[in-house]
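What follows is one structure encoded as structure tokens, with my remarks underneath.
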Amino acid sequence: MAAGAEGAGVAGEGGKESGDDDGEAESDGATAAPPPRRAAPAGRPRYTTVHAESDFEVRLYRDTVWMSAPTPDIPSFHAATKLGFHRLFQYLMGANLNSSRIRMTTPVLTSVVPGAGPLHSSAYFVRLYLPVKFQASPPVPLPELNLHPDRWPSHCIAVRSFSGYARDKNVVEEAEKLAMSLSRSPWANSTKYPSKNAYSIAQYSSPFRFIGRVNEVWFDVDCKSTGVETY
């Protein structure tokens, strides 16, 4: 997979925003919380941390637009991510109707959709968050890339971080660990939130980074089940 921006998203303390595209993190204005310890990296979708525990956190993400590469005939997470990202990278390099060059963002997000592949196997969608300047009107991909924009409404995501390379075996194990943590938390009943994805894997590090790699497993959860309002 081609190189992207490295490092982890800055997960602020409760009520803090992270991932602002101007590279700064700020309070959400609802409380008088102190600012985060350091600025969030640029080129990531904005979120506010609404719940944090030792092994996971819940983030409220804003409305966002991602460019998506479906890979319905690829039975492997690793192979699907590699092939999907290759198409997305061509799009970033100008394979769109505007011939626009688009800045690389993170994470590279691979979503697992149960039963959407051949013989009811899992299918994979590989996505990249679009920079702010392209959120309202994404450049149209060249047809042969088979890409499409996905608009995600504001919603909550439960997140567990893990290191190393994301591969077919360990992503399932990490998803199971997050599911177990959620089952023991106030968010135990929130995973019934309607979602077409079983889970998603967010990768932040260049493939050429061997130490200190950062990945996350994401579950969509129901904000309102614990009194968190979307915006």
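All residue names refer to the structure tokens as shown: chains lettered A, B, ... in order, residues numbered from 1 in each chain, ligands numbered from 1 in order.
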List the spatial neighbours of segment 53-66 of chain A as a PDB file with C-alpha atoms, in the first residue's frame - criterion: any atom at most 7 Å away, only C-alpha atoms, same-chain residues fewer than 5 positions off excluded.
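Here's the written file selection-v8.pdb:
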ATOM      1  CA  ARG A  46     -12.947  15.988  12.849  1.00  0.00           C
ATOM      2  CA  TYR A  47     -14.350  14.316  15.929  1.00  0.00           C
ATOM      3  CA  THR A  48     -15.083  14.911  19.585  1.00  0.00           C
ATOM      4  CA  ARG A 127     -12.190   4.617   1.726  1.00  0.00           C
ATOM      5  CA  LEU A 128     -10.233   7.846   1.987  1.00  0.00           C
ATOM      6  CA  TYR A 129     -11.486  10.973   3.695  1.00  0.00           C
ATOM      7  CA  LEU A 130     -11.631  13.935   1.303  1.00  0.00           C
ATOM      8  CA  GLN A 135     -16.077  17.924   0.819  1.00  0.00           C
ATOM      9  CA  PRO A 149     -18.304   9.339  -2.888  1.00  0.00           C
ATOM     10  CA  ASP A 150     -19.875   8.258   0.411  1.00  0.00           C
ATOM     11  CA  ARG A 151     -21.476  10.905   2.616  1.00  0.00           C
ATOM     12  CA  TRP A 152     -21.483   9.888   6.277  1.00  0.00           C
ATOM     13  CA  PRO A 153     -23.878  11.724   8.575  1.00  0.00           C
ATOM     14  CA  SER A 154     -22.687  12.772  12.006  1.00  0.00           C
ATOM     15  CA  HIS A 155     -22.551   9.673  14.216  1.00  0.00           C
ATOM     16  CA  CYS A 156     -20.630   7.938  16.998  1.00  0.00           C
ATOM     17  CA  ILE A 157     -17.859   5.406  16.500  1.00  0.00           C
ATOM     18  CA  ALA A 158     -16.284   3.164  19.145  1.00  0.00           C
ATOM     19  CA  VAL A 159     -12.526   2.921  18.591  1.00  0.00           C
ATOM     20  CA  ARG A 160      -9.824   0.519  19.770  1.00  0.00           C
TER      21      ARG A 160
END
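Neighbouring residues of Ile74 of chain A at 8 Å or closer, counting only C-alpha atoms and skipping chain neighbours under 3 positions away, are Thr71, Phe77, Ala79, Ala80, Ala123 and Tyr124 of chain A.
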Quiz item: Got a sec: who's within 12 Å of Ser100 of chain A, counting only C-alpha atoms, leaving out chain neighbours fewer than 3 positions off, as an MDAnalysis selection string?
Solution: chainID A and resid 90:97 103 133:134 138:142
Keeping C-alpha atoms for every residue in the selection just given, could you write it to a file as a PDB file, in the first residue's frame?
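Once written, part.pdb looks like this:
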ATOM      1  CA  GLN A  90      -4.770   7.062  -8.839  1.00  0.00           C
ATOM      2  CA  TYR A  91      -7.753   9.283  -8.088  1.00  0.00           C
ATOM      3  CA  LEU A  92      -5.629  11.448  -5.768  1.00  0.00           C
ATOM      4  CA  MET A  93      -2.939  11.759  -8.442  1.00  0.00           C
ATOM      5  CA  GLY A  94      -5.399  13.259 -10.944  1.00  0.00           C
ATOM      6  CA  ALA A  95      -7.470  10.382 -12.355  1.00  0.00           C
ATOM      7  CA  ASN A  96     -10.655  12.431 -12.110  1.00  0.00           C
ATOM      8  CA  LEU A  97     -12.629  14.574 -14.541  1.00  0.00           C
ATOM      9  CA  ARG A 103      -3.671  15.792  -0.880  1.00  0.00           C
ATOM     10  CA  LYS A 133     -11.906  21.914   0.059  1.00  0.00           C
ATOM     11  CA  PHE A 134     -13.411  18.891  -1.732  1.00  0.00           C
ATOM     12  CA  PRO A 138     -15.667  16.003  -4.821  1.00  0.00           C
ATOM     13  CA  PRO A 139     -13.960  15.709  -8.215  1.00  0.00           C
ATOM     14  CA  VAL A 140     -15.687  12.984 -10.245  1.00  0.00           C
ATOM     15  CA  PRO A 141     -13.483   9.861 -10.551  1.00  0.00           C
ATOM     16  CA  LEU A 142     -12.687   8.429 -13.969  1.00  0.00           C
TER      17      LEU A 142
END
Quiz item: So how many Å separate atom CA of Lys224 of chain A and atom CA of His51 of chain A, to one decimal?
Solution: 13.0 Å
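Residue neighbourhood of segment 185-190 of chain A, excluding near-sequence residues (fewer than 2 positions): Ser181, Leu182, Ser183, Lys192, Tyr193, Val221, Asp222, Cys223, Ser225 and Thr226 of chain A, at 8 Å, using only C-alpha atoms.
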Self-check item: Separation of atom CA of Ile211 of chain A from atom CA of Pro75 of chain A in Å
Solution: 28.0 Å
Quiz prompt | Close residues, Ser200 of chain A itself excluded, 12 Å, only C-alpha atoms, min 6 positions apart in chain, as a PyMOL selection string | solution = chain A and resi 77+81+107-114+123-127+157-160+166+171-172+174-175+178+215-220
Quiz item: So how many Å separate atom CA of Thr191 of chain A and atom CA of Glu176 of chain A, to one decimal?
Solution: 13.0 Å
